[in-house]
Amino acid sequence: MTPANPATEGVSAPVPPPFTFRGDAALCPVVTRALGRVIDPEMALNIVDLGLVHDVSVEGQAVSVALTLTSAACPVGELIVDDATRALLAALGDGYAVSVSIVWDPPWTPARMSPKACVIMGWL
Amino acid sequence: MPRGRSLLLALAGGCLFAGVAGGLLRLGVPVGIGVARALAHGALMIGSLGCVIGLERAVAFGGAPALAVPLAAALGTLALLAGWPAGAGVLLLVASGLLVALSTAIVRRQAAPHTVLLTLAAGGWVVGNALFVAAAPAMVVVAWWFAFLVLTVAAERLELTRLMPRRRGAGVLFAVAAALLLAGAILTIASERDGSVVYGGGLVAMSLWLATFDLARRTLRTEGFARYSACALIAGYAWLAIGGLAWIALPWVAAARDTALHAVALGFVVSMIFAHAPLMVPVILRMRMRYTPAVYLPLGLLHASLALRLGAGAFDAHLRQWGGVLNAAAMILFALTVAYGARQKGPAGNPAANSTR
């Protein structure tokens with residue numbers, strides 16, 4: 001039996017995340033929950049529901065996240081990267097190294113939004 | 001806090017308030033600064049706003065070279081204040097040309113209708129500055145400067161509408177409004193009279209589009225910062241329509257001039273600044289900020305004082321002066337409120353995070 005990971009304690013059963021996740025599956029809900037606390041201030045929605053998270057990979061204790069933004073002309077990218085890094089470090093605890101980057105390909109489309117975001121924005 | 005950005009933002013803020021002082025001087029309010037320099041009111045205001053827009057775009061693009069855009073705009077505006085209009089004209093032309101280049105680089109990163117429109121809007125600033133250098137009639141220069149600001153806001157709002165299911169025809173109607181605005185601005189160069197009517201039609205069309213299709217109608221039902229921002233946006237759209245009607249009336253009603261200028265510049269543009277600054281200032285300065293409901297105070301004062309100035313003030317010069325003084329007070333109060341919010345460092349990363357889901 002593997003030793004309990006303090007980062008995953010008390011986290012409910014994983015649901016499929018709306019992004020590609022590679023690495024220790026037990027960390028997936030922790031990462032999803034942490035990123036779900038990061039708000040895109042202009043949209044007033046969190047970045048997971050908005051579909052801004054493309055890819056998360058965990059290799060050992062190195063976590064890298066690829067995010068996109070809805071607009072290349074909007075300066076909130078830096079803030080979102082900072083907030084995502086902070087949220088992940090707080091959720092994962094000491095010993096993890098987090099790197100968050102912004103990618104433009106593939107571009108964001110409204111189809112990436114979660115059902116919850118679609119309801120809020122009037123799609124459903 | 002990044003020093004270069006802080007300095008540029010402080011310069012833009014300083015020049016903006018010098019521009020406001022110039023505006024008050026024009027209304028006959030003694031403000032204790034040199035008349036000739038402060039009277040470059042319009043150029044000071046647009047130069048400062050160009051600096052802020054350039055700074056925002058440079059932060060979005062990333063990298064120190066992009067800061068050349070707001071730097072050139074800040075130097076141009078400072079040159080105006082220093083009483084060197086020839087140098088100011090060249091620097092502002094350079095700033096706007098660099099903004100076109102930066103916006104084109106952003107189009108290469110993401111080719112989308114809104115990024116293309118932002119580039120077109122920056123082109124409007126180039127034309128406005130060229131006309132300013134060529135000493136074209138004031139309203140012709142202003143039509144292009146306003147086209148820069150209105151199309152920049154419209155492009156950013158257009159981008160946000162992608163989050164909502166867009167009603168049929170919305171894209172075509174947007175293109176019609178933007179084309180009308182640009183056609184009007186072009187026409188003013190040949191005929192100020194005809195151009196002003198078409199241009200006003202473009203402003204009204206754009207305001208109707210924004211009032212009908214913008215995300216603000218949805219975020220008005222949220223809370224905290226998002227709701228405040230939506231209030232500022234919707235009030236701004238109403239003033240844009242009033243400003244547009246005044247541009248249409250200009251050839252026949254000379255008294256519509258103050259409304260044509262300030263319903264757009266204060267009612268629309270400054271309200272847009274009020275809507276976005278609590279969000280963008282912390283983003284640009286990389287600092288934390290807490291949402292405070294006190295932001296409604298300057299917003300309410302701005303719109304009430306503008307109604308006083310352009311409503312009752314149209315018939316009474318004294319009330320018009322008071323309206324102008326209170327317009328300036330609203331802007332000072334807003335700056336103080338944002339500074340207060342920045343001191344109340346919130347636990348979350350941005351003002352929206354404290355108030356929304």
# chains A, B, ... in the order shown; residues from 1 in each chain; ligands from 1
$ closest_atom_pairs --of "chain A" --to "chain B" --cutoff "6 Å" --atoms "only C-alpha atoms" --output "tab-separated table"
residue	atom	partner	partner_atom	distance
A:Ile39	CA	B:Ala353	CA	5.7
A:Pro41	CA	B:Ala352	CA	5.0
A:Ala73	CA	B:Ala60	CA	5.5
A:Cys74	CA	B:Ala60	CA	5.2
A:Pro75	CA	B:Ala60	CA	3.8
A:Leu79	CA	B:Val283	CA	6.0
A:Asp83	CA	B:Gly349	CA	5.9
A:Pro110	CA	B:Leu163	CA	5.9
A:Met121	CA	B:Met164	CA	5.3
A:Trp123	CA	B:Pro165	CA	5.7
$ write_last_selection --atoms "N, CA and C atoms" --output "mmCIF file, in the first residue's frame"
data_model
loop_
_atom_site.group_PDB
_atom_site.id
_atom_site.type_symbol
_atom_site.label_atom_id
_atom_site.label_comp_id
_atom_site.auth_asym_id
_atom_site.auth_seq_id
_atom_site.Cartn_x
_atom_site.Cartn_y
_atom_site.Cartn_z
ATOM 1 N N ILE A 39 -9.979 32.891 -10.421
ATOM 2 C CA ILE A 39 -11.045 33.585 -11.155
ATOM 3 C C ILE A 39 -10.457 34.423 -12.284
ATOM 4 N N PRO A 41 -10.912 37.625 -13.780
ATOM 5 C CA PRO A 41 -11.674 38.747 -13.232
ATOM 6 C C PRO A 41 -12.610 39.401 -14.241
ATOM 7 N N ALA A 73 -5.102 40.064 -26.336
ATOM 8 C CA ALA A 73 -4.918 41.498 -26.107
ATOM 9 C C ALA A 73 -5.236 41.887 -24.668
ATOM 10 N N CYS A 74 -5.571 40.897 -23.841
ATOM 11 C CA CYS A 74 -6.009 41.210 -22.483
ATOM 12 C C CYS A 74 -4.859 40.996 -21.490
ATOM 13 N N PRO A 75 -4.586 41.984 -20.641
ATOM 14 C CA PRO A 75 -3.417 41.881 -19.765
ATOM 15 C C PRO A 75 -3.592 41.011 -18.513
ATOM 16 N N LEU A 79 -1.783 37.907 -14.079
ATOM 17 C CA LEU A 79 -2.485 37.758 -12.807
ATOM 18 C C LEU A 79 -3.003 36.329 -12.650
ATOM 19 N N ASP A 83 -2.006 33.732 -9.803
ATOM 20 C CA ASP A 83 -3.031 33.164 -8.919
ATOM 21 C C ASP A 83 -3.043 31.638 -9.003
ATOM 22 N N PRO A 110 -15.824 28.881 -27.159
ATOM 23 C CA PRO A 110 -16.869 28.727 -26.129
ATOM 24 C C PRO A 110 -17.176 27.255 -25.854
ATOM 25 N N MET A 121 -23.890 31.442 -18.550
ATOM 26 C CA MET A 121 -23.801 32.338 -19.709
ATOM 27 C C MET A 121 -24.997 32.206 -20.672
ATOM 28 N N TRP A 123 -26.134 29.439 -22.366
ATOM 29 C CA TRP A 123 -26.083 28.494 -23.489
ATOM 30 C C TRP A 123 -27.049 27.346 -23.276
#
$ residues_around --residues "Leu131 (chain B)" --least-positions-apart "3" --cutoff "12 Å" --atoms "only C-alpha atoms" --output "PDB file with all heavy atoms, in the first residue's frame"
ATOM      1  N   ALA B  43      -5.865  67.098 -26.342  1.00  0.00           N
ATOM      2  CA  ALA B  43      -4.647  66.353 -26.672  1.00  0.00           C
ATOM      3  C   ALA B  43      -4.058  65.698 -25.427  1.00  0.00           C
ATOM      4  O   ALA B  43      -3.573  64.567 -25.475  1.00  0.00           O
ATOM      5  CB  ALA B  43      -3.628  67.285 -27.322  1.00  0.00           C
ATOM      6  N   GLY B  89       3.522  66.480 -30.997  1.00  0.00           N
ATOM      7  CA  GLY B  89       2.839  65.902 -32.156  1.00  0.00           C
ATOM      8  C   GLY B  89       3.611  64.711 -32.711  1.00  0.00           C
ATOM      9  O   GLY B  89       3.043  63.647 -32.969  1.00  0.00           O
ATOM     10  N   VAL B  90       4.921  64.890 -32.863  1.00  0.00           N
ATOM     11  CA  VAL B  90       5.752  63.810 -33.417  1.00  0.00           C
ATOM     12  C   VAL B  90       5.763  62.602 -32.473  1.00  0.00           C
ATOM     13  O   VAL B  90       5.580  61.455 -32.893  1.00  0.00           O
ATOM     14  CB  VAL B  90       7.199  64.322 -33.666  1.00  0.00           C
ATOM     15  CG1 VAL B  90       8.113  63.171 -34.060  1.00  0.00           C
ATOM     16  CG2 VAL B  90       7.195  65.407 -34.733  1.00  0.00           C
ATOM     17  N   LEU B  92       3.550  61.747 -30.214  1.00  0.00           N
ATOM     18  CA  LEU B  92       2.246  61.077 -30.171  1.00  0.00           C
ATOM     19  C   LEU B  92       2.019  60.269 -31.449  1.00  0.00           C
ATOM     20  O   LEU B  92       1.438  59.181 -31.415  1.00  0.00           O
ATOM     21  CB  LEU B  92       1.118  62.098 -29.950  1.00  0.00           C
ATOM     22  CG  LEU B  92       1.090  62.710 -28.539  1.00  0.00           C
ATOM     23  CD1 LEU B  92       0.073  63.848 -28.447  1.00  0.00           C
ATOM     24  CD2 LEU B  92       0.775  61.644 -27.475  1.00  0.00           C
ATOM     25  N   LEU B  93       2.502  60.803 -32.574  1.00  0.00           N
ATOM     26  CA  LEU B  93       2.408  60.052 -33.842  1.00  0.00           C
ATOM     27  C   LEU B  93       3.205  58.755 -33.735  1.00  0.00           C
ATOM     28  O   LEU B  93       2.743  57.684 -34.157  1.00  0.00           O
ATOM     29  CB  LEU B  93       2.960  60.893 -34.990  1.00  0.00           C
ATOM     30  CG  LEU B  93       1.939  61.519 -35.938  1.00  0.00           C
ATOM     31  CD1 LEU B  93       2.639  62.364 -36.976  1.00  0.00           C
ATOM     32  CD2 LEU B  93       1.083  60.453 -36.617  1.00  0.00           C
ATOM     33  N   GLY B 124      -6.893  54.570 -36.043  1.00  0.00           N
ATOM     34  CA  GLY B 124      -7.685  55.792 -35.853  1.00  0.00           C
ATOM     35  C   GLY B 124      -6.913  56.826 -35.036  1.00  0.00           C
ATOM     36  O   GLY B 124      -6.989  58.028 -35.295  1.00  0.00           O
ATOM     37  N   TRP B 125      -6.145  56.345 -34.074  1.00  0.00           N
ATOM     38  CA  TRP B 125      -5.327  57.254 -33.242  1.00  0.00           C
ATOM     39  C   TRP B 125      -4.228  57.884 -34.101  1.00  0.00           C
ATOM     40  O   TRP B 125      -3.944  59.081 -33.976  1.00  0.00           O
ATOM     41  CB  TRP B 125      -4.740  56.483 -32.053  1.00  0.00           C
ATOM     42  CG  TRP B 125      -4.115  57.352 -30.997  1.00  0.00           C
ATOM     43  CD1 TRP B 125      -4.444  58.648 -30.712  1.00  0.00           C
ATOM     44  CD2 TRP B 125      -3.070  56.996 -30.093  1.00  0.00           C
ATOM     45  NE1 TRP B 125      -3.661  59.110 -29.672  1.00  0.00           N
ATOM     46  CE2 TRP B 125      -2.809  58.108 -29.277  1.00  0.00           C
ATOM     47  CE3 TRP B 125      -2.327  55.821 -29.884  1.00  0.00           C
ATOM     48  CZ2 TRP B 125      -1.839  58.094 -28.274  1.00  0.00           C
ATOM     49  CZ3 TRP B 125      -1.366  55.803 -28.876  1.00  0.00           C
ATOM     50  CH2 TRP B 125      -1.128  56.934 -28.083  1.00  0.00           C
ATOM     51  N   VAL B 126      -3.640  57.076 -35.011  1.00  0.00           N
ATOM     52  CA  VAL B 126      -2.602  57.600 -35.911  1.00  0.00           C
ATOM     53  C   VAL B 126      -3.183  58.737 -36.749  1.00  0.00           C
ATOM     54  O   VAL B 126      -2.596  59.831 -36.839  1.00  0.00           O
ATOM     55  CB  VAL B 126      -2.046  56.490 -36.852  1.00  0.00           C
ATOM     56  CG1 VAL B 126      -1.079  57.081 -37.874  1.00  0.00           C
ATOM     57  CG2 VAL B 126      -1.377  55.381 -36.058  1.00  0.00           C
ATOM     58  N   VAL B 127      -4.371  58.481 -37.353  1.00  0.00           N
ATOM     59  CA  VAL B 127      -4.981  59.503 -38.212  1.00  0.00           C
ATOM     60  C   VAL B 127      -5.294  60.759 -37.394  1.00  0.00           C
ATOM     61  O   VAL B 127      -4.997  61.886 -37.817  1.00  0.00           O
ATOM     62  CB  VAL B 127      -6.259  58.963 -38.906  1.00  0.00           C
ATOM     63  CG1 VAL B 127      -6.917  60.039 -39.754  1.00  0.00           C
ATOM     64  CG2 VAL B 127      -5.929  57.743 -39.760  1.00  0.00           C
ATOM     65  N   GLY B 128      -5.873  60.565 -36.205  1.00  0.00           N
ATOM     66  CA  GLY B 128      -6.203  61.699 -35.338  1.00  0.00           C
ATOM     67  C   GLY B 128      -4.967  62.527 -35.006  1.00  0.00           C
ATOM     68  O   GLY B 128      -4.988  63.765 -35.063  1.00  0.00           O
ATOM     69  N   ALA B 134      -1.292  68.409 -38.302  1.00  0.00           N
ATOM     70  CA  ALA B 134      -1.589  69.247 -39.471  1.00  0.00           C
ATOM     71  C   ALA B 134      -2.534  70.397 -39.132  1.00  0.00           C
ATOM     72  O   ALA B 134      -2.990  71.104 -40.027  1.00  0.00           O
ATOM     73  CB  ALA B 134      -2.195  68.382 -40.568  1.00  0.00           C
ATOM     74  N   ALA B 135      -2.850  70.552 -37.836  1.00  0.00           N
ATOM     75  CA  ALA B 135      -3.739  71.624 -37.359  1.00  0.00           C
ATOM     76  C   ALA B 135      -5.096  71.616 -38.065  1.00  0.00           C
ATOM     77  O   ALA B 135      -5.635  72.656 -38.445  1.00  0.00           O
ATOM     78  CB  ALA B 135      -3.059  72.987 -37.504  1.00  0.00           C
ATOM     79  N   ALA B 136      -5.667  70.409 -38.229  1.00  0.00           N
ATOM     80  CA  ALA B 136      -7.021  70.270 -38.804  1.00  0.00           C
ATOM     81  C   ALA B 136      -8.030  70.835 -37.805  1.00  0.00           C
ATOM     82  O   ALA B 136      -7.714  70.990 -36.619  1.00  0.00           O
ATOM     83  CB  ALA B 136      -7.301  68.799 -39.078  1.00  0.00           C
ATOM     84  N   PRO B 137      -9.280  71.131 -38.259  1.00  0.00           N
ATOM     85  CA  PRO B 137     -10.293  71.646 -37.330  1.00  0.00           C
ATOM     86  C   PRO B 137     -10.500  70.687 -36.144  1.00  0.00           C
ATOM     87  O   PRO B 137     -10.455  69.468 -36.311  1.00  0.00           O
ATOM     88  CB  PRO B 137     -11.560  71.724 -38.181  1.00  0.00           C
ATOM     89  CG  PRO B 137     -11.070  71.790 -39.580  1.00  0.00           C
ATOM     90  CD  PRO B 137      -9.781  71.048 -39.633  1.00  0.00           C
ATOM     91  N   ALA B 138     -10.735  71.285 -34.960  1.00  0.00           N
ATOM     92  CA  ALA B 138     -10.772  70.494 -33.717  1.00  0.00           C
ATOM     93  C   ALA B 138     -11.722  69.304 -33.790  1.00  0.00           C
ATOM     94  O   ALA B 138     -11.367  68.194 -33.388  1.00  0.00           O
ATOM     95  CB  ALA B 138     -11.158  71.410 -32.558  1.00  0.00           C
ATOM     96  N   MET B 139     -12.948  69.523 -34.316  1.00  0.00           N
ATOM     97  CA  MET B 139     -13.927  68.441 -34.285  1.00  0.00           C
ATOM     98  C   MET B 139     -13.534  67.284 -35.216  1.00  0.00           C
ATOM     99  O   MET B 139     -13.940  66.140 -34.989  1.00  0.00           O
ATOM    100  CB  MET B 139     -15.336  68.959 -34.616  1.00  0.00           C
ATOM    101  CG  MET B 139     -15.925  69.868 -33.545  1.00  0.00           C
ATOM    102  SD  MET B 139     -15.940  69.149 -31.877  1.00  0.00           S
ATOM    103  CE  MET B 139     -17.509  68.293 -31.861  1.00  0.00           C
ATOM    104  N   VAL B 140     -12.755  67.598 -36.252  1.00  0.00           N
ATOM    105  CA  VAL B 140     -12.283  66.536 -37.160  1.00  0.00           C
ATOM    106  C   VAL B 140     -11.256  65.672 -36.424  1.00  0.00           C
ATOM    107  O   VAL B 140     -11.306  64.434 -36.454  1.00  0.00           O
ATOM    108  CB  VAL B 140     -11.676  67.148 -38.451  1.00  0.00           C
ATOM    109  CG1 VAL B 140     -11.158  66.060 -39.371  1.00  0.00           C
ATOM    110  CG2 VAL B 140     -12.699  68.021 -39.155  1.00  0.00           C
ATOM    111  N   VAL B 141     -10.327  66.342 -35.743  1.00  0.00           N
ATOM    112  CA  VAL B 141      -9.307  65.622 -34.962  1.00  0.00           C
ATOM    113  C   VAL B 141     -10.001  64.772 -33.895  1.00  0.00           C
ATOM    114  O   VAL B 141      -9.707  63.580 -33.730  1.00  0.00           O
ATOM    115  CB  VAL B 141      -8.333  66.620 -34.281  1.00  0.00           C
ATOM    116  CG1 VAL B 141      -7.321  65.885 -33.428  1.00  0.00           C
ATOM    117  CG2 VAL B 141      -7.633  67.474 -35.326  1.00  0.00           C
ATOM    118  N   VAL B 142     -10.955  65.393 -33.188  1.00  0.00           N
ATOM    119  CA  VAL B 142     -11.646  64.710 -32.090  1.00  0.00           C
ATOM    120  C   VAL B 142     -12.421  63.496 -32.601  1.00  0.00           C
ATOM    121  O   VAL B 142     -12.456  62.445 -31.953  1.00  0.00           O
ATOM    122  CB  VAL B 142     -12.580  65.688 -31.343  1.00  0.00           C
ATOM    123  CG1 VAL B 142     -13.506  64.949 -30.404  1.00  0.00           C
ATOM    124  CG2 VAL B 142     -11.758  66.705 -30.562  1.00  0.00           C
ATOM    125  N   ALA B 143     -13.030  63.624 -33.799  1.00  0.00           N
ATOM    126  CA  ALA B 143     -13.790  62.489 -34.356  1.00  0.00           C
ATOM    127  C   ALA B 143     -12.871  61.267 -34.467  1.00  0.00           C
ATOM    128  O   ALA B 143     -13.265  60.147 -34.130  1.00  0.00           O
ATOM    129  CB  ALA B 143     -14.366  62.858 -35.718  1.00  0.00           C
ATOM    130  N   TRP B 144     -11.641  61.485 -34.913  1.00  0.00           N
ATOM    131  CA  TRP B 144     -10.694  60.355 -35.053  1.00  0.00           C
ATOM    132  C   TRP B 144     -10.186  59.874 -33.700  1.00  0.00           C
ATOM    133  O   TRP B 144     -10.019  58.686 -33.482  1.00  0.00           O
ATOM    134  CB  TRP B 144      -9.529  60.760 -35.966  1.00  0.00           C
ATOM    135  CG  TRP B 144      -9.961  60.707 -37.397  1.00  0.00           C
ATOM    136  CD1 TRP B 144     -10.426  61.727 -38.161  1.00  0.00           C
ATOM    137  CD2 TRP B 144     -10.031  59.532 -38.223  1.00  0.00           C
ATOM    138  NE1 TRP B 144     -10.778  61.280 -39.410  1.00  0.00           N
ATOM    139  CE2 TRP B 144     -10.536  59.937 -39.473  1.00  0.00           C
ATOM    140  CE3 TRP B 144      -9.721  58.186 -38.033  1.00  0.00           C
ATOM    141  CZ2 TRP B 144     -10.731  59.033 -40.529  1.00  0.00           C
ATOM    142  CZ3 TRP B 144      -9.910  57.293 -39.075  1.00  0.00           C
ATOM    143  CH2 TRP B 144     -10.407  57.725 -40.303  1.00  0.00           C
ATOM    144  N   TRP B 145      -9.917  60.807 -32.796  1.00  0.00           N
ATOM    145  CA  TRP B 145      -9.480  60.401 -31.455  1.00  0.00           C
ATOM    146  C   TRP B 145     -10.572  59.579 -30.765  1.00  0.00           C
ATOM    147  O   TRP B 145     -10.295  58.566 -30.133  1.00  0.00           O
ATOM    148  CB  TRP B 145      -9.140  61.645 -30.617  1.00  0.00           C
ATOM    149  CG  TRP B 145      -7.776  62.210 -30.891  1.00  0.00           C
ATOM    150  CD1 TRP B 145      -6.747  61.590 -31.526  1.00  0.00           C
ATOM    151  CD2 TRP B 145      -7.305  63.506 -30.499  1.00  0.00           C
ATOM    152  NE1 TRP B 145      -5.656  62.428 -31.572  1.00  0.00           N
ATOM    153  CE2 TRP B 145      -5.963  63.610 -30.944  1.00  0.00           C
ATOM    154  CE3 TRP B 145      -7.875  64.588 -29.830  1.00  0.00           C
ATOM    155  CZ2 TRP B 145      -5.184  64.749 -30.723  1.00  0.00           C
ATOM    156  CZ3 TRP B 145      -7.096  65.717 -29.610  1.00  0.00           C
ATOM    157  CH2 TRP B 145      -5.765  65.797 -30.060  1.00  0.00           C
ATOM    158  N   ALA B 185     -16.062  59.315 -39.691  1.00  0.00           N
ATOM    159  CA  ALA B 185     -14.778  59.960 -39.367  1.00  0.00           C
ATOM    160  C   ALA B 185     -14.045  60.354 -40.647  1.00  0.00           C
ATOM    161  O   ALA B 185     -13.493  61.459 -40.742  1.00  0.00           O
ATOM    162  CB  ALA B 185     -13.935  59.020 -38.512  1.00  0.00           C
ATOM    163  N   ILE B 186     -14.075  59.461 -41.654  1.00  0.00           N
ATOM    164  CA  ILE B 186     -13.402  59.764 -42.930  1.00  0.00           C
ATOM    165  C   ILE B 186     -14.078  60.976 -43.586  1.00  0.00           C
ATOM    166  O   ILE B 186     -13.423  61.893 -44.073  1.00  0.00           O
ATOM    167  CB  ILE B 186     -13.433  58.529 -43.873  1.00  0.00           C
ATOM    168  CG1 ILE B 186     -12.556  57.409 -43.298  1.00  0.00           C
ATOM    169  CG2 ILE B 186     -12.975  58.896 -45.290  1.00  0.00           C
ATOM    170  CD1 ILE B 186     -12.728  56.061 -43.966  1.00  0.00           C
ATOM    171  N   THR B 188     -15.667  63.406 -42.237  1.00  0.00           N
ATOM    172  CA  THR B 188     -15.440  64.707 -41.573  1.00  0.00           C
ATOM    173  C   THR B 188     -14.246  65.446 -42.195  1.00  0.00           C
ATOM    174  O   THR B 188     -14.210  66.673 -42.185  1.00  0.00           O
ATOM    175  CB  THR B 188     -15.143  64.584 -40.057  1.00  0.00           C
ATOM    176  OG1 THR B 188     -14.055  63.692 -39.876  1.00  0.00           O
ATOM    177  CG2 THR B 188     -16.336  64.157 -39.253  1.00  0.00           C
ATOM    178  N   ILE B 189     -13.285  64.664 -42.746  1.00  0.00           N
ATOM    179  CA  ILE B 189     -12.098  65.306 -43.323  1.00  0.00           C
ATOM    180  C   ILE B 189     -12.510  66.133 -44.553  1.00  0.00           C
ATOM    181  O   ILE B 189     -12.021  67.246 -44.753  1.00  0.00           O
ATOM    182  CB  ILE B 189     -11.024  64.255 -43.692  1.00  0.00           C
ATOM    183  CG1 ILE B 189     -10.596  63.495 -42.421  1.00  0.00           C
ATOM    184  CG2 ILE B 189      -9.815  64.898 -44.366  1.00  0.00           C
ATOM    185  CD1 ILE B 189      -9.647  62.342 -42.664  1.00  0.00           C
TER     186      ILE B 189
END
$ select_by_dssp --residues "region 69-110 of chain A" --states "helix (DSSP H, G or I)" --output "number ranges by chain"
A: 77-92, 110
$ write_last_selection --atoms "N, CA, C and O atoms" --output "short mmCIF file (atom, residue, chain, number, x, y, z; two decimals), in the first residue's frame"
data_model
loop_
_atom_site.label_atom_id
_atom_site.label_comp_id
_atom_site.auth_asym_id
_atom_site.auth_seq_id
_atom_site.Cartn_x
_atom_site.Cartn_y
_atom_site.Cartn_z
N GLY A 77 -3.52 37.94 -18.12
CA GLY A 77 -2.78 36.67 -18.15
C GLY A 77 -1.81 36.51 -17.00
O GLY A 77 -1.80 35.49 -16.31
N GLU A 78 -1.01 37.56 -16.77
CA GLU A 78 -0.01 37.51 -15.69
C GLU A 78 -0.66 37.22 -14.34
O GLU A 78 -0.15 36.43 -13.55
N LEU A 79 -1.78 37.91 -14.08
CA LEU A 79 -2.49 37.76 -12.81
C LEU A 79 -3.00 36.33 -12.65
O LEU A 79 -2.88 35.72 -11.59
N ILE A 80 -3.56 35.79 -13.75
CA ILE A 80 -4.11 34.43 -13.70
C ILE A 80 -2.98 33.42 -13.46
O ILE A 80 -3.13 32.49 -12.67
N VAL A 81 -1.85 33.62 -14.13
CA VAL A 81 -0.70 32.73 -13.93
C VAL A 81 -0.24 32.79 -12.46
O VAL A 81 -0.01 31.77 -11.82
N ASP A 82 -0.13 34.00 -11.92
CA ASP A 82 0.27 34.18 -10.51
C ASP A 82 -0.71 33.48 -9.57
O ASP A 82 -0.31 32.76 -8.66
N ASP A 83 -2.01 33.73 -9.80
CA ASP A 83 -3.03 33.16 -8.92
C ASP A 83 -3.04 31.64 -9.00
O ASP A 83 -3.21 30.95 -7.99
N ALA A 84 -2.88 31.10 -10.22
CA ALA A 84 -2.89 29.64 -10.40
C ALA A 84 -1.69 29.02 -9.69
O ALA A 84 -1.82 28.01 -9.00
N THR A 85 -0.53 29.67 -9.82
CA THR A 85 0.68 29.15 -9.17
C THR A 85 0.49 29.13 -7.66
O THR A 85 0.75 28.13 -6.99
N ARG A 86 -0.01 30.24 -7.14
CA ARG A 86 -0.24 30.37 -5.70
C ARG A 86 -1.25 29.32 -5.21
O ARG A 86 -1.04 28.68 -4.18
N ALA A 87 -2.35 29.16 -5.96
CA ALA A 87 -3.41 28.23 -5.54
C ALA A 87 -2.87 26.80 -5.53
O ALA A 87 -3.17 26.02 -4.62
N LEU A 88 -2.07 26.45 -6.53
CA LEU A 88 -1.53 25.08 -6.60
C LEU A 88 -0.52 24.83 -5.48
O LEU A 88 -0.54 23.78 -4.85
N LEU A 89 0.33 25.82 -5.23
CA LEU A 89 1.33 25.65 -4.15
C LEU A 89 0.62 25.49 -2.81
O LEU A 89 1.01 24.67 -1.99
N ALA A 90 -0.45 26.27 -2.61
CA ALA A 90 -1.17 26.19 -1.34
C ALA A 90 -1.86 24.84 -1.20
O ALA A 90 -1.91 24.27 -0.11
N ALA A 91 -2.39 24.30 -2.30
CA ALA A 91 -3.15 23.05 -2.23
C ALA A 91 -2.23 21.84 -2.13
O ALA A 91 -2.54 20.87 -1.45
N LEU A 92 -1.10 21.90 -2.83
CA LEU A 92 -0.22 20.72 -2.89
C LEU A 92 0.73 20.66 -1.70
O LEU A 92 1.20 19.59 -1.34
N PRO A 110 -15.82 28.88 -27.16
CA PRO A 110 -16.87 28.73 -26.13
C PRO A 110 -17.18 27.26 -25.85
O PRO A 110 -17.67 26.93 -24.78
#
$ residues_around --residues "Ala68 (chain B)" --least-positions-apart "3" --cutoff "8 Å" --atoms "only C-alpha atoms" --output "JSON, numbers by chain"
{"B": [64, 65, 71, 72, 95, 98]}
$ closest_residue --among "A:Cys28, A:Leu52, A:Val58, A:Val63" --to "Arg112 (chain A)" --atoms "only C-alpha atoms"
A:Leu52
$ atom_distance --atom1 "CA of Arg309 (chain B)" --atom2 "CA of Pro251 (chain B)"
21.3 Å
$ closest_residue --among "B:Val198, B:Trp322, B:Ala277, B:Tyr291" --to "Phe334 (chain B)" --atoms "only C-alpha atoms"
B:Ala277
$ closest_residue --among "B:Leu158, B:Val29, B:Arg167, B:Leu266" --to "Gly122 (chain A)" --atoms "only C-alpha atoms"
B:Arg167
$ select_by_dssp --residues "chain A" --states "strand (DSSP E)" --output "PyMOL selection string"
chain A and resi 20-22+39-40+45-46+53-59+62-67+97-102
$ closest_residue --among "A:Ala62, A:Ala25, A:Met113, A:Ala97" --to "Met43 (chain A)" --atoms "only C-alpha atoms"
A:Met113
